[in-house]
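Q: Just structure_16.pdb, nothing more (PDB, C-alpha atoms):
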```pdb
ATOM      1  CA  MET K 787     -42.996   8.121 -21.646
ATOM      2  CA  ARG K 788     -46.688   7.833 -20.859
ATOM      3  CA  ALA K 789     -49.288   7.489 -23.581
ATOM      4  CA  VAL K 790     -51.102  10.825 -23.292
ATOM      5  CA  PRO K 791     -54.144  11.154 -25.577
ATOM      6  CA  PHE K 792     -54.818  14.176 -27.765
ATOM      7  CA  ASN K 793     -58.180  15.932 -27.976
ATOM      8  CA  THR K 794     -57.594  16.711 -31.652
ATOM      9  CA  PRO K 795     -58.060  13.684 -33.972
ATOM     10  CA  ARG K 796     -54.712  12.125 -34.788
ATOM     11  CA  PRO K 797     -55.257  12.221 -38.591
ATOM     12  CA  VAL K 798     -55.512  16.017 -38.350
ATOM     13  CA  LEU K 799     -52.365  16.194 -36.236
ATOM     14  CA  ALA K 800     -50.505  13.858 -38.571
ATOM     15  CA  LEU K 801     -51.162  16.099 -41.576
ATOM     16  CA  GLY K 802     -49.038  18.793 -39.962
ATOM     17  CA  TYR K 803     -46.159  16.464 -39.170
ATOM     18  CA  LYS K 804     -43.023  17.076 -41.236
ATOM     19  CA  GLY K 805     -40.551  14.848 -39.497
ATOM     20  CA  LEU K 806     -37.167  13.356 -40.198
ATOM     21  CA  ASP K 807     -35.728   9.894 -39.980
ATOM     22  CA  ALA K 808     -34.145   9.322 -36.594
ATOM     23  CA  ASP K 809     -30.665   9.163 -38.123
ATOM     24  CA  ALA K 810     -31.103  12.682 -39.532
ATOM     25  CA  LEU K 811     -32.202  14.401 -36.313
ATOM     26  CA  ARG K 812     -29.762  16.752 -34.651
ATOM     27  CA  ASN K 813     -29.510  16.655 -30.846
ATOM     28  CA  TRP K 814     -32.908  15.022 -30.379
ATOM     29  CA  HIS K 815     -31.178  12.031 -28.791
ATOM     30  CA  LEU K 816     -29.889  14.439 -26.125
ATOM     31  CA  LEU K 817     -33.410  15.765 -25.540
ATOM     32  CA  ALA K 818     -34.714  12.219 -25.301
ATOM     33  CA  ARG K 819     -32.034  11.281 -22.809
ATOM     34  CA  LYS K 820     -33.055  14.242 -20.651
ATOM     35  CA  LEU K 821     -36.732  13.292 -20.918
ATOM     36  CA  ALA K 822     -35.859   9.773 -19.790
ATOM     37  CA  THR K 823     -33.907  11.008 -16.724
ATOM     38  CA  PRO K 824     -36.083  11.346 -13.579
ATOM     39  CA  GLY K 825     -35.520  14.664 -11.834
ATOM     40  CA  ALA K 826     -33.929  16.319 -14.881
ATOM     41  CA  THR K 827     -34.954  19.824 -15.941
ATOM     42  CA  VAL K 828     -35.804  20.309 -19.622
ATOM     43  CA  THR K 829     -35.524  23.908 -20.852
ATOM     44  CA  VAL K 830     -37.866  24.850 -23.719
ATOM     45  CA  VAL K 831     -37.406  28.185 -25.522
ATOM     46  CA  ALA K 832     -39.958  29.607 -27.982
ATOM     47  CA  PHE K 833     -39.457  32.326 -30.603
ATOM     48  CA  GLY K 834     -42.052  33.879 -32.903
ATOM     49  CA  GLY K 835     -44.636  36.608 -33.355
ATOM     50  CA  SER K 836     -47.909  37.354 -31.561
ATOM     51  CA  LEU K 837     -49.238  33.876 -32.335
ATOM     52  CA  THR K 838     -46.509  32.436 -30.098
ATOM     53  CA  ALA K 839     -46.284  35.360 -27.666
ATOM     54  CA  GLY K 840     -49.981  34.991 -26.817
ATOM     55  CA  TYR K 841     -50.944  36.710 -23.594
ATOM     56  CA  ILE K 842     -47.543  38.425 -23.363
ATOM     57  CA  ASP K 843     -48.592  41.039 -25.936
ATOM     58  CA  LYS K 844     -52.371  41.302 -25.500
ATOM     59  CA  PRO K 845     -53.186  40.868 -21.805
ATOM     60  CA  GLU K 846     -56.406  42.909 -21.898
ATOM     61  CA  ALA K 847     -57.770  42.924 -25.444
ATOM     62  CA  TRP K 848     -57.475  39.135 -25.718
ATOM     63  CA  LYS K 849     -57.970  38.296 -22.065
ATOM     64  CA  ARG K 850     -60.893  35.938 -22.672
ATOM     65  CA  ALA K 851     -59.310  34.153 -25.611
ATOM     66  CA  MET K 852     -55.707  34.121 -24.523
ATOM     67  CA  ASP K 853     -55.162  32.055 -21.397
ATOM     68  CA  GLY K 854     -51.601  31.571 -22.562
ATOM     69  CA  SER K 855     -50.269  30.658 -25.970
ATOM     70  CA  TRP K 856     -49.900  27.406 -27.901
ATOM     71  CA  VAL K 857     -46.582  26.863 -26.113
ATOM     72  CA  GLU K 858     -48.255  26.224 -22.746
ATOM     73  CA  PRO K 859     -50.549  23.419 -24.002
ATOM     74  CA  MET K 860     -47.585  21.832 -25.794
ATOM     75  CA  VAL K 861     -45.452  21.865 -22.649
ATOM     76  CA  ALA K 862     -48.445  20.676 -20.607
ATOM     77  CA  TRP K 863     -48.630  17.618 -22.871
ATOM     78  CA  MET K 864     -44.891  17.026 -22.354
ATOM     79  CA  LYS K 865     -45.329  17.270 -18.578
ATOM     80  CA  ALA K 866     -48.092  14.672 -18.707
ATOM     81  CA  ALA K 867     -46.036  12.395 -20.955
ATOM     82  CA  PHE K 868     -42.898  12.734 -18.826
ATOM     83  CA  PRO K 869     -44.178  13.261 -15.262
ATOM     84  CA  SER K 870     -40.814  12.620 -13.596
ATOM     85  CA  VAL K 871     -39.138  15.485 -15.464
ATOM     86  CA  ASN K 872     -39.217  19.199 -14.609
ATOM     87  CA  PHE K 873     -39.814  21.778 -17.339
ATOM     88  CA  ARG K 874     -38.609  25.350 -17.638
ATOM     89  CA  LEU K 875     -40.275  27.487 -20.316
ATOM     90  CA  ILE K 876     -38.828  30.683 -21.788
ATOM     91  CA  ASN K 877     -41.188  32.422 -24.219
ATOM     92  CA  ALA K 878     -39.055  34.937 -26.141
ATOM     93  CA  ALA K 879     -41.724  35.665 -28.774
ATOM     94  CA  ARG K 880     -42.928  39.212 -29.389
ATOM     95  CA  GLY K 881     -45.899  40.478 -31.370
ATOM     96  CA  ALA K 882     -45.426  42.022 -34.832
ATOM     97  CA  SER K 883     -41.833  40.788 -34.927
ATOM     98  CA  GLU K 884     -40.046  38.702 -37.520
ATOM     99  CA  VAL K 885     -36.842  36.761 -37.851
ATOM    100  CA  THR K 886     -34.466  39.617 -38.742
ATOM    101  CA  VAL K 887     -34.877  41.062 -35.236
ATOM    102  CA  ALA K 888     -34.455  37.655 -33.625
ATOM    103  CA  VAL K 889     -31.288  36.850 -35.553
ATOM    104  CA  THR K 890     -29.807  40.263 -34.704
ATOM    105  CA  CYS K 891     -30.525  40.324 -30.961
ATOM    106  CA  TRP K 892     -32.991  37.922 -29.453
ATOM    107  CA  TYR K 893     -31.156  34.672 -30.155
ATOM    108  CA  GLN K 894     -28.988  35.703 -27.199
ATOM    109  CA  TYR K 895     -31.926  34.898 -24.894
ATOM    110  CA  VAL K 896     -31.302  31.190 -25.516
ATOM    111  CA  PRO K 897     -29.569  29.642 -22.495
ATOM    112  CA  GLN K 898     -26.461  27.673 -23.394
ATOM    113  CA  ASP K 899     -28.022  24.594 -21.771
ATOM    114  CA  ALA K 900     -31.348  24.851 -23.667
ATOM    115  CA  ASP K 901     -32.843  21.479 -24.612
ATOM    116  CA  LEU K 902     -35.493  22.432 -27.202
ATOM    117  CA  VAL K 903     -35.848  25.648 -29.218
ATOM    118  CA  LEU K 904     -39.104  26.301 -31.121
ATOM    119  CA  VAL K 905     -38.921  28.658 -34.100
ATOM    120  CA  GLU K 906     -42.122  30.304 -35.450
ATOM    121  CA  TYR K 907     -41.202  32.868 -38.115
ATOM    122  CA  SER K 908     -42.881  31.594 -41.295
ATOM    123  CA  LEU K 909     -45.748  34.109 -41.200
ATOM    124  CA  ASN K 910     -44.617  37.502 -39.917
ATOM    125  CA  GLY K 911     -42.521  39.345 -42.469
ATOM    126  CA  CYS K 912     -43.121  36.777 -45.208
ATOM    127  CA  LEU K 913     -45.966  38.684 -46.855
ATOM    128  CA  GLU K 914     -46.041  42.415 -47.497
ATOM    129  CA  ALA K 915     -49.283  44.380 -47.024
ATOM    130  CA  THR K 916     -49.577  44.490 -50.803
ATOM    131  CA  GLY K 917     -49.473  40.678 -50.966
ATOM    132  CA  GLN K 918     -45.913  40.545 -52.254
ATOM    133  CA  PRO K 919     -44.195  37.367 -50.976
ATOM    134  CA  MET K 920     -41.004  38.043 -49.025
ATOM    135  CA  CYS K 921     -39.904  34.461 -48.284
ATOM    136  CA  SER K 922     -40.150  32.897 -51.740
ATOM    137  CA  SER K 923     -36.456  32.778 -52.643
ATOM    138  CA  THR K 924     -33.263  31.779 -50.884
ATOM    139  CA  ALA K 925     -31.874  35.167 -51.947
ATOM    140  CA  MET K 926     -34.459  37.059 -49.875
ATOM    141  CA  VAL K 927     -33.393  38.637 -46.604
ATOM    142  CA  ARG K 928     -35.880  36.865 -44.343
ATOM    143  CA  VAL K 929     -34.993  33.430 -45.718
ATOM    144  CA  ALA K 930     -31.277  34.045 -45.245
ATOM    145  CA  ALA K 931     -31.986  35.427 -41.760
ATOM    146  CA  TYR K 932     -33.970  32.286 -40.900
ATOM    147  CA  GLU K 933     -30.920  30.120 -41.590
ATOM    148  CA  SER K 934     -28.664  32.547 -39.760
ATOM    149  CA  PHE K 935     -30.986  32.340 -36.759
ATOM    150  CA  TYR K 936     -30.669  28.555 -36.738
ATOM    151  CA  ARG K 937     -26.886  28.794 -36.950
ATOM    152  CA  ARG K 938     -26.576  31.383 -34.197
ATOM    153  CA  VAL K 939     -28.827  29.428 -31.868
ATOM    154  CA  LEU K 940     -26.742  26.302 -32.458
ATOM    155  CA  ARG K 941     -23.516  28.160 -31.839
ATOM    156  CA  ARG K 942     -24.915  29.521 -28.591
ATOM    157  CA  ALA K 943     -26.529  26.251 -27.471
ATOM    158  CA  PRO K 944     -24.779  23.473 -29.463
ATOM    159  CA  ARG K 945     -26.605  20.668 -27.644
ATOM    160  CA  THR K 946     -30.141  21.951 -28.221
ATOM    161  CA  ALA K 947     -32.747  20.279 -30.398
ATOM    162  CA  LEU K 948     -34.676  22.611 -32.704
ATOM    163  CA  MET K 949     -38.155  22.474 -34.211
ATOM    164  CA  SER K 950     -39.713  24.807 -36.769
ATOM    165  CA  VAL K 951     -43.323  25.885 -36.282
ATOM    166  CA  ALA K 952     -44.995  26.965 -39.524
ATOM    167  CA  ALA K 953     -47.880  29.370 -38.855
ATOM    168  CA  PHE K 954     -50.398  30.470 -41.461
ATOM    169  CA  SER K 955     -52.989  33.189 -42.057
ATOM    170  CA  PHE K 956     -56.371  31.608 -42.759
ATOM    171  CA  ASN K 957     -57.829  34.641 -44.493
ATOM    172  CA  ALA K 958     -59.920  34.720 -47.655
ATOM    173  CA  ASP K 959     -59.364  36.982 -50.654
ATOM    174  CA  THR K 960     -61.995  38.420 -52.974
ATOM    175  CA  TYR K 961     -61.307  38.405 -56.712
ATOM    176  CA  ARG K 962     -63.295  40.193 -59.405
ATOM    177  CA  GLN K 963     -64.406  38.264 -62.470
ATOM    178  CA  GLY K 964     -66.259  40.673 -64.710
ATOM    179  CA  LEU K 965     -69.308  41.838 -62.808
ATOM    180  CA  ALA K 966     -69.066  38.976 -60.342
ATOM    181  CA  SER K 967     -66.753  38.541 -57.360
ATOM    182  CA  VAL K 968     -65.332  35.286 -56.048
ATOM    183  CA  GLU K 969     -64.020  34.657 -52.543
ATOM    184  CA  ALA K 970     -61.136  32.203 -52.339
ATOM    185  CA  PRO K 971     -59.021  30.857 -49.471
ATOM    186  CA  ASN K 972     -55.605  32.351 -48.875
ATOM    187  CA  ALA K 973     -53.116  30.823 -51.287
ATOM    188  CA  PHE K 974     -51.558  27.634 -49.929
ATOM    189  CA  THR K 975     -48.128  29.071 -50.760
ATOM    190  CA  ALA K 976     -48.649  32.422 -48.977
ATOM    191  CA  THR K 977     -46.093  31.587 -46.309
ATOM    192  CA  GLY K 978     -42.387  31.056 -45.838
ATOM    193  CA  GLU K 979     -43.027  27.453 -44.832
ATOM    194  CA  GLU K 980     -41.525  25.682 -47.836
ATOM    195  CA  LEU K 981     -38.096  27.313 -47.700
ATOM    196  CA  HIS K 982     -38.042  27.415 -43.913
ATOM    197  CA  THR K 983     -38.804  23.694 -43.781
ATOM    198  CA  MET K 984     -35.952  23.082 -46.204
ATOM    199  CA  ILE K 985     -33.606  24.989 -43.881
ATOM    200  CA  ALA K 986     -34.910  23.144 -40.821
ATOM    201  CA  ARG K 987     -34.247  19.800 -42.499
ATOM    202  CA  ARG K 988     -30.734  20.942 -43.362
ATOM    203  CA  TYR K 989     -30.060  21.398 -39.652
ATOM    204  CA  GLY K 990     -31.729  18.201 -38.500
ATOM    205  CA  ALA K 991     -34.964  19.777 -37.244
ATOM    206  CA  PRO K 992     -38.568  18.653 -37.840
ATOM    207  CA  THR K 993     -41.406  21.053 -38.680
ATOM    208  CA  ALA K 994     -44.964  21.254 -37.367
ATOM    209  CA  SER K 995     -47.306  22.828 -39.925
ATOM    210  CA  LEU K 996     -50.537  24.548 -38.894
ATOM    211  CA  ARG K 997     -51.396  25.057 -42.556
ATOM    212  CA  ASP K 998     -51.121  21.401 -43.478
ATOM    213  CA  SER K 999     -53.136  20.301 -40.432
ATOM    214  CA  LEU K1000     -56.007  22.768 -40.697
ATOM    215  CA  TYR K1001     -56.172  24.258 -44.200
ATOM    216  CA  GLY K1002     -59.016  22.010 -45.377
ATOM    217  CA  LEU K1003     -60.994  22.588 -42.166
ATOM    218  CA  MET K1004     -60.681  26.338 -41.686
ATOM    219  CA  TYR K1005     -62.595  26.959 -44.900
ATOM    220  CA  ASN K1006     -65.284  24.316 -44.331
ATOM    221  CA  ASP K1007     -67.203  24.731 -41.085
ATOM    222  CA  ALA K1008     -69.426  21.708 -41.701
ATOM    223  CA  VAL K1009     -66.476  19.347 -41.955
ATOM    224  CA  ALA K1010     -64.629  21.062 -39.096
ATOM    225  CA  LYS K1011     -67.678  20.706 -36.846
ATOM    226  CA  GLN K1012     -68.030  17.035 -37.710
ATOM    227  CA  LEU K1013     -64.336  16.195 -37.281
ATOM    228  CA  LEU K1014     -63.230  18.595 -34.550
ATOM    229  CA  GLY K1015     -66.440  19.601 -32.829
ATOM    230  CA  GLU K1016     -65.338  23.184 -33.596
ATOM    231  CA  THR K1017     -65.808  25.801 -36.289
ATOM    232  CA  ARG K1018     -63.441  28.419 -37.614
ATOM    233  CA  ALA K1019     -64.946  31.024 -35.258
ATOM    234  CA  THR K1020     -64.305  28.865 -32.198
ATOM    235  CA  ILE K1021     -60.711  28.065 -33.231
ATOM    236  CA  ILE K1022     -59.363  31.471 -34.291
ATOM    237  CA  ALA K1023     -60.364  34.985 -33.223
ATOM    238  CA  ASP K1024     -59.329  36.545 -36.548
ATOM    239  CA  THR K1025     -57.326  35.038 -39.416
ATOM    240  CA  VAL K1026     -54.257  34.140 -37.337
ATOM    241  CA  HIS K1027     -54.683  34.336 -33.575
ATOM    242  CA  PRO K1028     -56.377  31.428 -31.789
ATOM    243  CA  THR K1029     -59.093  31.429 -29.182
ATOM    244  CA  ALA K1030     -58.473  29.554 -25.923
ATOM    245  CA  ASP K1031     -59.682  26.344 -27.632
ATOM    246  CA  GLY K1032     -57.539  27.132 -30.648
ATOM    247  CA  PHE K1033     -54.428  27.493 -28.520
ATOM    248  CA  ILE K1034     -54.966  23.995 -27.171
ATOM    249  CA  MET K1035     -55.436  22.624 -30.691
ATOM    250  CA  PHE K1036     -52.350  24.435 -31.997
ATOM    251  CA  GLY K1037     -50.355  23.204 -29.021
ATOM    252  CA  GLU K1038     -51.391  19.633 -29.749
ATOM    253  CA  ILE K1039     -50.219  19.955 -33.351
ATOM    254  CA  MET K1040     -46.789  20.925 -32.015
ATOM    255  CA  ALA K1041     -46.867  18.254 -29.313
ATOM    256  CA  TYR K1042     -47.661  15.579 -31.904
ATOM    257  CA  THR K1043     -44.442  16.411 -33.745
ATOM    258  CA  VAL K1044     -42.515  16.328 -30.463
ATOM    259  CA  SER K1045     -44.126  13.004 -29.548
ATOM    260  CA  ALA K1046     -42.931  11.415 -32.768
ATOM    261  CA  HIS K1047     -39.305  12.341 -32.257
ATOM    262  CA  PRO K1048     -37.924  11.828 -28.771
ATOM    263  CA  ARG K1049     -37.586   8.076 -29.268
ATOM    264  CA  CYS K1050     -33.827   8.307 -29.235
ATOM    265  CA  VAL K1051     -32.554   6.673 -26.062
ATOM    266  CA  VAL K1052     -33.296   3.625 -23.974
ATOM    267  CA  SER K1053     -33.162   2.682 -20.336
ATOM    268  CA  VAL K1054     -31.305  -0.622 -20.048
ATOM    269  CA  THR K1055     -31.497  -2.701 -16.882
ATOM    270  CA  ILE K1056     -28.889  -5.466 -16.545
ATOM    271  CA  GLN K1057     -29.555  -8.334 -14.186
ATOM    272  CA  ALA K1058     -27.467 -11.409 -13.565
ATOM    273  CA  ASN K1059     -29.218 -14.710 -14.302
ATOM    274  CA  ALA K1060     -28.295 -17.065 -11.471
ATOM    275  CA  THR K1061     -29.329 -20.121 -13.500
ATOM    276  CA  THR K1062     -27.298 -19.472 -16.633
ATOM    277  CA  GLY K1063     -24.607 -17.331 -15.103
ATOM    278  CA  GLY K1064     -25.177 -14.738 -17.830
ATOM    279  CA  ASP K1065     -26.720 -11.296 -17.928
ATOM    280  CA  GLU K1066     -30.281 -10.373 -18.888
ATOM    281  CA  PHE K1067     -31.004  -7.045 -20.520
ATOM    282  CA  ALA K1068     -34.376  -5.339 -20.009
ATOM    283  CA  VAL K1069     -34.886  -2.413 -22.409
ATOM    284  CA  THR K1070     -37.557   0.097 -21.415
ATOM    285  CA  GLY K1071     -38.397   3.733 -22.030
ATOM    286  CA  VAL K1072     -37.783   5.434 -25.323
ATOM    287  CA  ALA K1073     -36.479   3.614 -28.391
ATOM    288  CA  VAL K1074     -32.889   3.935 -29.518
ATOM    289  CA  VAL K1075     -31.707   5.682 -32.651
ATOM    290  CA  PRO K1076     -29.777   3.130 -34.693
ATOM    291  CA  PHE K1077     -26.700   4.462 -36.449
ATOM    292  CA  THR K1078     -26.207   1.810 -39.090
ATOM    293  CA  LYS K1079     -24.144   3.606 -41.709
ATOM    294  CA  LYS K1080     -20.397   4.190 -41.486
ATOM    295  CA  VAL K1081     -19.464   7.732 -42.421
ATOM    296  CA  THR K1082     -16.219   9.443 -43.259
ATOM    297  CA  ILE K1083     -15.205  11.556 -40.276
ATOM    298  CA  HIS K1084     -13.370  14.818 -40.746
ATOM    299  CA  PRO K1085     -10.234  15.106 -38.546
ATOM    300  CA  ILE K1086     -11.706  18.096 -36.712
ATOM    301  CA  ASP K1087     -14.860  16.127 -35.961
ATOM    302  CA  ASP K1088     -12.804  13.123 -34.967
ATOM    303  CA  SER K1089     -10.924  14.998 -32.253
ATOM    304  CA  ARG K1090     -14.156  16.596 -31.014
ATOM    305  CA  MET K1091     -15.925  13.232 -30.963
ATOM    306  CA  ALA K1092     -13.157  11.655 -28.891
ATOM    307  CA  ALA K1093     -13.929  14.127 -26.123
ATOM    308  CA  VAL K1094     -17.662  13.666 -26.552
ATOM    309  CA  ARG K1095     -17.327   9.880 -26.453
ATOM    310  CA  ALA K1096     -15.639  10.181 -23.073
ATOM    311  CA  GLU K1097     -18.785  11.912 -21.807
ATOM    312  CA  GLY K1098     -20.942   9.005 -22.944
ATOM    313  CA  GLU K1099     -22.642  10.739 -25.859
ATOM    314  CA  GLN K1100     -24.209   8.931 -28.774
ATOM    315  CA  LEU K1101     -21.773   8.397 -31.671
ATOM    316  CA  PRO K1102     -20.906   8.521 -34.474
ATOM    317  CA  PHE K1103     -22.167  11.785 -35.826
ATOM    318  CA  SER K1104     -20.712  14.424 -38.088
ATOM    319  CA  TRP K1105     -22.166  17.781 -39.086
ATOM    320  CA  PRO K1106     -20.806  20.338 -41.534
TER     321      PRO K1106
END
```
Would you mind giving the structure from this file in C-alpha cells?
A:
Amino acid sequence: MRAVPFNTPRPVLALGYKGLDADALRNWHLLARKLATPGATVTVVAFGGSLTAGYIDKPEAWKRAMDGSWVEPMVAWMKAAFPSVNFRLINAARGASEVTVAVTCWYQYVPQDADLVLVEYSLNGCLEATGQPMCSSTAMVRVAAYESFYRRVLRRAPRTALMSVAAFSFNADTYRQGLASVEAPNAFTATGEELHTMIARRYGAPTASLRDSLYGLMYNDAVAKQLLGETRATIIADTVHPTADGFIMFGEIMAYTVSAHPRCVVSVTIQANATTGGDEFAVTGVAVVPFTKKVTIHPIDDSRMAAVRAEGEQLPFSWP
C-alpha cells in the first residue's frame, strides 16, 4: 500500500471517520488480502441516491459540476494506493431513490464475488417534505429496510466488506421569533445516520460521515476558506449535490475511512539463514488483524469454518 496524500486536511477527514476495531470488522481481511495480491481484481459496488449516482442521473443539467460522482475519486485514491491491483466499479445508485427500493430489487445487482459494497441511504427518504423524520426509530420502515438491505447483500455476496456512507443536507432553516426571523443550520440530527451507523456496526461495517466532517465548515465560509481553500458555494451546487471539487472532497472522506481499515493481512517472506540454519521472516504490506480472544463456536459455525480453514481463510470468526 502506497502512502497517497489527500488534498483535504486530515483533521477534517478524521472527523467523518466512524471506524471499528480490527477484530470487529467483517470481511475486511478478505478485501485487504485482495488489495495485497498483485494482478487481483477488486470489485466495488455503490448504492445510494443522486449524490452517489452523480453524472448517471444529470448528464446535461450538471455537466459542468458532475465529472463523475464521489465514488470515482474514492476509487482513484484506491488505484493510486494499490497500483498493482485492478478495480471494477459498479455504480448502482439512482437519483431520488431510497433504501426500500434497493432492498426490494436492486441488491440483486451485487455480484456474488463483490469485494466492497458502499451504502448511501441515510438522506433520501429519511426526511419528509414537511420535515417529519422518517429514520428516527428502529420501528420505522426505512430503518428496518436498511438492515434488511445489509442482510440481503451479505446473503448474496457473503465475502464482501461493507461500508456505510452517511450523506447530509446542508440547508438552513428560517425560524420566526416574534417580529424577527432567525436562520439556523439544518439540525444535526436531521438524518438517518445515527441508527444506520448502529446497524452498520452490528454487521461489522465502518461508516464515513459527510455531516461530521463538514458540518462546522459548510455554515462558516471564512473558516472553510482558511482550512480548505474552498467555500460552501465551491463545494456544493445546492444543499446536497457537490460541484466537481466537492466530489473530490467527498470521495476523499470515503477514501480516508477505507484507508484506515484494510490493514488486515500481511505478506510474509521466508528465507533460510545459511549461518544459523534457521528461517528469517520478513513481514511487509498491510498489517495483520490479531484475533486474541477465544470465542465459543456454534456447531454450525464450526463445520463451516472447517471448510473455510481448508481454503486458507483467517480464523477464528463467528457471526450470528
Q: For stretch 977-991 of chain K, please output as an MDAnalysis selection string all residues within 6 Å (counting only C-alpha atoms; exclusion window: fewer than 5 positions along the same chain).
A: chainID K and resid 810:812 908:909 912 921 948:949 952
Q: Could you tell me which of K:Arg928, K:Arg997, K:Lys820, K:Lys1011 comes closest to K:Ser955 if we count only C-alpha atoms?
A: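 Closest to K:Ser955, using only C-alpha atoms: K:Arg997.
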Q: In Å, how far is it from atom CA of K:Gln1012 to atom CA of K:Val798?
A: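 Spanning atom CA of K:Gln1012 to atom CA of K:Val798 is a straight-line distance of 12.6 Å.
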Q: Here's the selection I'm unsure about, the PyMOL selection byres ((chain K and resi 853-865) around 10); applied to the file above, which residues does it give, as a VMD selection string?
A: chain K and resid 787 to 788 790 to 792 821 830 to 832 836 to 842 845 848 to 852 866 to 877 904 1027 to 1042 1044 to 1045
Q: Give me the residues within 12 Å of K:Tyr893 as a PyMOL selection string, counting all atoms listed in the file and dropping any in the same chain fewer than 3 places off.
A: chain K and resi 831-834+877-879+885-890+896-898+900+903-905+931-932+934-943
Q: Compile the contact shell of K:Phe974 as JSON, numbers by chain: residues with an atom at most 12 Å away, counting all atoms listed in the file, same-chain residues fewer than 4 positions apart removed.
A: {"K": [953, 954, 955, 956, 957, 958, 970, 978, 979, 980, 995, 996, 997, 998, 1000, 1001, 1002]}
Q: Got a sec to resolve the PyMOL selection byres ((chain K and resi 1005-1007) around 8) on this structure and send the residues as a PDB file with C-alpha atoms, keeping the file's coordinate frame?
A:
```pdb
ATOM      1  CA  PRO K 971     -59.021  30.857 -49.471  1.00  0.00           C
ATOM      2  CA  TYR K1001     -56.172  24.258 -44.200  1.00  0.00           C
ATOM      3  CA  GLY K1002     -59.016  22.010 -45.377  1.00  0.00           C
ATOM      4  CA  LEU K1003     -60.994  22.588 -42.166  1.00  0.00           C
ATOM      5  CA  MET K1004     -60.681  26.338 -41.686  1.00  0.00           C
ATOM      6  CA  ALA K1008     -69.426  21.708 -41.701  1.00  0.00           C
ATOM      7  CA  VAL K1009     -66.476  19.347 -41.955  1.00  0.00           C
ATOM      8  CA  ALA K1010     -64.629  21.062 -39.096  1.00  0.00           C
ATOM      9  CA  LYS K1011     -67.678  20.706 -36.846  1.00  0.00           C
ATOM     10  CA  GLU K1016     -65.338  23.184 -33.596  1.00  0.00           C
ATOM     11  CA  THR K1017     -65.808  25.801 -36.289  1.00  0.00           C
ATOM     12  CA  ARG K1018     -63.441  28.419 -37.614  1.00  0.00           C
TER      13      ARG K1018
END
```
Q: Please provide as a ChimeraX atom specification all residues within 6 Å of K:Glu884, with the sequence filter that same-chain residues fewer than 3 positions apart are discarded (counting all atoms listed in the file).
A: /K:907,910-911
